[in-house]
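J.: Okay, handing you the structure first.
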Amino acid sequence: SQQGEEDPQALSIQEGENATMNCSYKTSINNLQWYRQNSGRGLVHLILIRSNEREKHSGRLRVTLDTSKKSSSLLITASRAADTASYFCAVDSGNTPLVFGKGTRLSVIA
Amino acid sequence: ETGVTQSPTHLIKTRGQQVTLRCSSQSGHNTVSWYQQALGQGPQFIFQYYREEENGRGNFPPRFSGLQFPNYSSELNVNALELDDSALYLCASSLDQGGEKLFFGSGTQLSVL
């Protein structure tokens with residue numbers, strides 16, 4: 001399956017610390033996207049990185065992509081309690097719908 | 001706020017019944033995708049509609065069906081409900097069928113008893 005798989009499944013950190021989540025996938029991709037979901041709500045798009053990009057920033061978010069290793073990481077710097085949510089990666093392989101992983105549940109403790 | 005609205009927000013049905021979920025896409029978007037998300041899992045692709053035609057389907061049985069209307073709003077219909085159909089159903093709209101970012105609604109929480 002070309003589904004992205006996040007690691008770790010769950011992460012608990014103190015406010016102010018950095019949070020790093022990883023995503024691995026199996027096929028070639030056009031782009032990889034990260035989404036956030038607060039409990040029981042819809043997903044919110046965070047950032048999209050294309051296959052020819054290696055790093056992208058958006059505010060406190062930093063995403064890297066290593067196509068040789070078929071992996072991506074999402075770094076949230078200086079985390080806040082409001083960052084508590086589930087984070088999903090999704091891969092676009094061009095001829096299939098966007099496929100989501102099972103997510104990383106992040107808990108930021110104040 | 002994404003501009004994608006889903007109704008109803010919550011629904012309780014009994015096994016064997018039928019249900020219709022509705023989604024209004026973001027203005028200017030012509031593509032709607034439906035996802036099923038079981039508790040603790042990632043969203044699973046059900047199907048996508050592009051300009052009123054089904055444009056891809058996931059591993060879901062035929063009792064899951066859909067429609068897209070000329071204004072690009074969409075419906076998801078599920079017949080003969082089973083207990084395992086209990087999940088959060090998410091609608092997402094996008095501009096065109098490509099793999100660009102999706103704009104999700106807040107979902108419909110369906111409970112089948």
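Chain lettering (A, B, ...) mirrors the order of the structure tokens, residue numbering begins at 1 for each chain separately, and ligand numbering begins at 1 in order of display.
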I need the contact residues of chain B against chain A, so if you could list those with any atom within 9 Å, counting only C-alpha atoms, and return them as a PyMOL selection string, that would help.

T.: chain B and resi 2+33+39-45+47-48+56-58+88+90-92+97-107+109

J.: Excluding Leu11 in chain A and residues on its chain fewer than 2 positions from it, collect all residues at most 8 Å away from it, counting only C-alpha atoms, and give them as a list of chain:residue names.

T.: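 My reading of the contact set: A:Pro8, A:Gln9, A:Ile13, A:Ala19, A:Thr104, A:Arg105, A:Leu106, A:Ser107.
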
J.: Please dump the current selection as a CSV table (one decimal), in the first residue's frame; keep all heavy atoms.

T.:
```csv
chain,number,residue,atom,x,y,z
A,8,PRO,N,6.0,8.2,16.1
A,8,PRO,CA,5.4,7.2,16.8
A,8,PRO,C,3.9,7.2,16.7
A,8,PRO,O,3.3,8.2,16.2
A,8,PRO,CB,5.9,7.5,18.3
A,8,PRO,CG,6.0,9.0,18.3
A,8,PRO,CD,6.5,9.3,16.9
A,9,GLN,N,3.2,6.2,17.3
A,9,GLN,CA,1.8,6.3,17.3
A,9,GLN,C,1.3,7.3,18.3
A,9,GLN,O,0.2,7.9,18.1
A,9,GLN,CB,1.2,4.9,17.7
A,9,GLN,CG,1.4,3.8,16.7
A,9,GLN,CD,0.7,2.5,17.1
A,9,GLN,OE1,0.7,2.2,18.2
A,9,GLN,NE2,0.2,1.8,16.1
A,13,ILE,N,4.7,15.3,25.4
A,13,ILE,CA,5.9,16.2,25.7
A,13,ILE,C,5.4,17.3,26.6
A,13,ILE,O,4.2,17.6,26.7
A,13,ILE,CB,6.5,16.8,24.4
A,13,ILE,CG1,5.4,17.5,23.6
A,13,ILE,CG2,7.1,15.7,23.6
A,13,ILE,CD1,6.0,18.3,22.4
A,19,ALA,N,8.4,18.8,19.1
A,19,ALA,CA,7.8,17.5,18.8
A,19,ALA,C,8.1,17.1,17.4
A,19,ALA,O,8.0,17.9,16.5
A,19,ALA,CB,6.3,17.6,18.9
A,104,THR,N,-0.3,10.2,14.4
A,104,THR,CA,0.4,10.3,15.6
A,104,THR,C,-0.4,11.1,16.6
A,104,THR,O,-0.8,12.2,16.2
A,104,THR,CB,1.8,10.9,15.4
A,104,THR,OG1,2.7,10.1,14.7
A,104,THR,CG2,2.5,11.2,16.8
A,105,ARG,N,-0.7,10.6,17.8
A,105,ARG,CA,-1.4,11.4,18.7
A,105,ARG,C,-0.4,12.1,19.6
A,105,ARG,O,0.3,11.5,20.4
A,105,ARG,CB,-2.3,10.5,19.6
A,105,ARG,CG,-3.4,9.8,18.8
A,105,ARG,CD,-4.4,9.0,19.7
A,105,ARG,NE,-3.6,8.0,20.5
A,105,ARG,CZ,-3.2,6.8,20.0
A,105,ARG,NH1,-3.5,6.5,18.8
A,105,ARG,NH2,-2.6,6.0,20.8
A,106,LEU,N,-0.5,13.4,19.5
A,106,LEU,CA,0.4,14.3,20.3
A,106,LEU,C,-0.3,14.9,21.5
A,106,LEU,O,-1.4,15.5,21.3
A,106,LEU,CB,1.0,15.4,19.4
A,106,LEU,CG,1.8,16.5,20.1
A,106,LEU,CD1,3.1,15.9,20.6
A,106,LEU,CD2,2.1,17.6,19.2
A,107,SER,N,0.3,14.7,22.6
A,107,SER,CA,-0.2,15.4,23.9
A,107,SER,C,0.9,16.4,24.4
A,107,SER,O,2.0,15.9,24.6
A,107,SER,CB,-0.5,14.4,24.9
A,107,SER,OG,-1.5,13.5,24.5
```

J.: Between CA of Arg22 in chain B and CA of Pro62 in chain B, measure the distance and give it in Å to one decimal.

T.: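 According to the coordinates, CA of Arg22 in chain B and CA of Pro62 in chain B are separated by 18.2 Å.
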
J.: Give me, as an mmCIF file with C-alpha atoms, in the first residue's frame, all polymer residues having an atom no more than 8 Å from Ile49 in chain A, counting only C-alpha atoms and skipping those fewer than 3 positions away in the same chain.

T.:
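Written file, around.cif:
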```cif
data_model
loop_
_atom_site.group_PDB
_atom_site.id
_atom_site.type_symbol
_atom_site.label_atom_id
_atom_site.label_comp_id
_atom_site.auth_asym_id
_atom_site.auth_seq_id
_atom_site.Cartn_x
_atom_site.Cartn_y
_atom_site.Cartn_z
ATOM 1 C CA ASN A 31 3.664 15.304 -2.936
ATOM 2 C CA LEU A 32 3.269 14.526 0.736
ATOM 3 C CA GLN A 33 0.954 16.437 3.020
ATOM 4 C CA GLU A 53 11.523 19.780 -2.347
ATOM 5 C CA ARG A 54 13.587 18.752 0.654
ATOM 6 C CA GLU A 55 12.431 21.116 3.372
ATOM 7 C CA LYS A 56 9.579 23.483 3.975
ATOM 8 C CA VAL A 63 8.724 19.488 7.230
ATOM 9 C CA THR A 64 11.484 17.514 5.574
ATOM 10 C CA LEU A 65 11.227 14.999 2.769
#
```

J.: Which is closer to Asp7 in chain A than all the others in A:Ser58, A:Ala82, A:Cys23, A:Ile109, using only C-alpha atoms?

T.: A:Cys23

J.: Quote the spacing between CA of Gln37 in chain B and CA of Pro70 in chain B in Å to one decimal place.

T.: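 Atom-to-atom, CA of Gln37 in chain B to CA of Pro70 in chain B, that is 27.0 Å.
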
J.: Between CA of Gln36 in chain B and CA of Gln18 in chain B, measure the distance and give it in Å to one decimal.

T.: 16.2 Å

J.: So that I can check the surroundings of Glu15 in chain A, please list as a PyMOL selection string every protein, DNA and RNA residue that reaches within 7 Å of it, counting only C-alpha atoms and ignoring chain neighbours fewer than 3 positions away.

T.: chain A and resi 79-81+108-110

J.: Nearest to Asp83 in chain A among A:Asn52, A:Asn38, A:Ser68, A:Thr20, with distances taken over only C-alpha atoms: which residue is it?

T.: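 Among the listed residues, the smallest separation from Asp83 in chain A belongs to A:Asn38.
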
J.: If we count only C-alpha atoms, what is near Ser7 in chain B at a cut-off of 7 Å, once residues fewer than 3 positions away on the same chain are taken out, given as a PDB file with N, CA and C atoms, in the first residue's frame?

T.:
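Result saved to result-v6.pdb:
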```pdb
ATOM      1  N   LEU B  21     -25.952  11.120   4.185  1.00  0.00           N
ATOM      2  CA  LEU B  21     -25.137  12.195   4.735  1.00  0.00           C
ATOM      3  C   LEU B  21     -24.895  13.222   3.633  1.00  0.00           C
ATOM      4  N   ARG B  22     -24.834  14.491   4.032  1.00  0.00           N
ATOM      5  CA  ARG B  22     -24.738  15.567   3.042  1.00  0.00           C
ATOM      6  C   ARG B  22     -23.509  16.428   3.249  1.00  0.00           C
ATOM      7  N   CYS B  23     -23.050  16.994   2.154  1.00  0.00           N
ATOM      8  CA  CYS B  23     -21.831  17.794   2.185  1.00  0.00           C
ATOM      9  C   CYS B  23     -21.942  18.926   1.173  1.00  0.00           C
ATOM     10  N   THR B 108     -19.590  13.833  10.088  1.00  0.00           N
ATOM     11  CA  THR B 108     -20.835  13.320  10.659  1.00  0.00           C
ATOM     12  C   THR B 108     -20.480  12.081  11.466  1.00  0.00           C
TER      13      THR B 108
END
```

J.: Among chain B, which ones does DSSP assign to strand (DSSP E or B) (computed from the backbone)? Answer as number ranges by chain.

T.: B: 5-7, 10-13, 19-24, 31-37, 44-50, 53-57, 64-68, 74-78, 87-94, 103-104, 108-112

J.: Filtering to C-alpha atoms, could you give me those residues as a compact mmCIF listing (two decimals), in the first residue's frame?

T.:
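Output below, filename again26.txt:
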```txt
# COMPACT_ATOMS: atom_id res chain seq x y z
CA THR B 5 -20.23 21.95 5.70
CA GLN B 6 -21.61 18.55 6.59
CA SER B 7 -24.97 17.54 7.96
CA HIS B 10 -24.46 13.32 14.72
CA LEU B 11 -26.76 10.48 13.77
CA ILE B 12 -27.97 7.31 15.47
CA LYS B 13 -29.38 4.49 13.40
CA VAL B 19 -28.69 6.74 5.98
CA THR B 20 -27.92 9.79 3.83
CA LEU B 21 -25.14 12.19 4.73
CA ARG B 22 -24.74 15.57 3.04
CA CYS B 23 -21.83 17.79 2.19
CA SER B 24 -21.55 21.27 0.73
CA THR B 31 -14.30 17.66 -6.46
CA VAL B 32 -15.64 15.96 -3.34
CA SER B 33 -14.04 13.01 -1.58
CA TRP B 34 -15.62 10.97 1.19
CA TYR B 35 -13.66 9.24 3.94
CA GLN B 36 -14.63 6.92 6.78
CA GLN B 37 -12.68 7.20 10.01
CA GLN B 44 -10.15 5.54 4.79
CA PHE B 45 -11.07 6.61 1.26
CA ILE B 46 -14.62 5.69 0.21
CA PHE B 47 -14.99 7.45 -3.16
CA GLN B 48 -14.47 10.68 -5.01
CA TYR B 49 -16.78 12.67 -7.27
CA TYR B 50 -15.48 15.03 -9.93
CA GLU B 53 -19.09 11.58 -11.96
CA GLU B 54 -17.59 8.98 -9.63
CA ASN B 55 -13.85 9.26 -10.07
CA GLY B 56 -12.38 6.53 -7.95
CA ARG B 57 -13.56 4.19 -5.25
CA PHE B 64 -22.01 2.66 -0.04
CA SER B 65 -23.10 4.96 -2.85
CA GLY B 66 -22.95 8.63 -3.61
CA LEU B 67 -24.06 11.53 -5.72
CA GLN B 68 -22.68 14.88 -6.71
CA SER B 74 -22.62 15.74 -2.51
CA GLU B 75 -24.42 12.94 -0.69
CA LEU B 76 -23.18 9.69 0.76
CA ASN B 77 -25.77 6.94 1.08
CA VAL B 78 -25.29 3.78 3.07
CA ALA B 87 -17.59 5.89 12.39
CA LEU B 88 -16.87 9.53 11.64
CA TYR B 89 -17.68 10.26 7.99
CA LEU B 90 -15.63 13.06 6.52
CA CYS B 91 -16.23 14.99 3.37
CA ALA B 92 -13.42 16.91 1.71
CA SER B 93 -13.52 19.24 -1.24
CA SER B 94 -10.75 20.25 -3.59
CA PHE B 103 -10.50 21.00 2.69
CA PHE B 104 -12.42 18.92 5.21
CA THR B 108 -20.84 13.32 10.66
CA GLN B 109 -20.56 10.95 13.61
CA LEU B 110 -22.69 7.91 12.78
CA SER B 111 -23.58 5.39 15.45
CA VAL B 112 -25.23 2.14 14.41
```
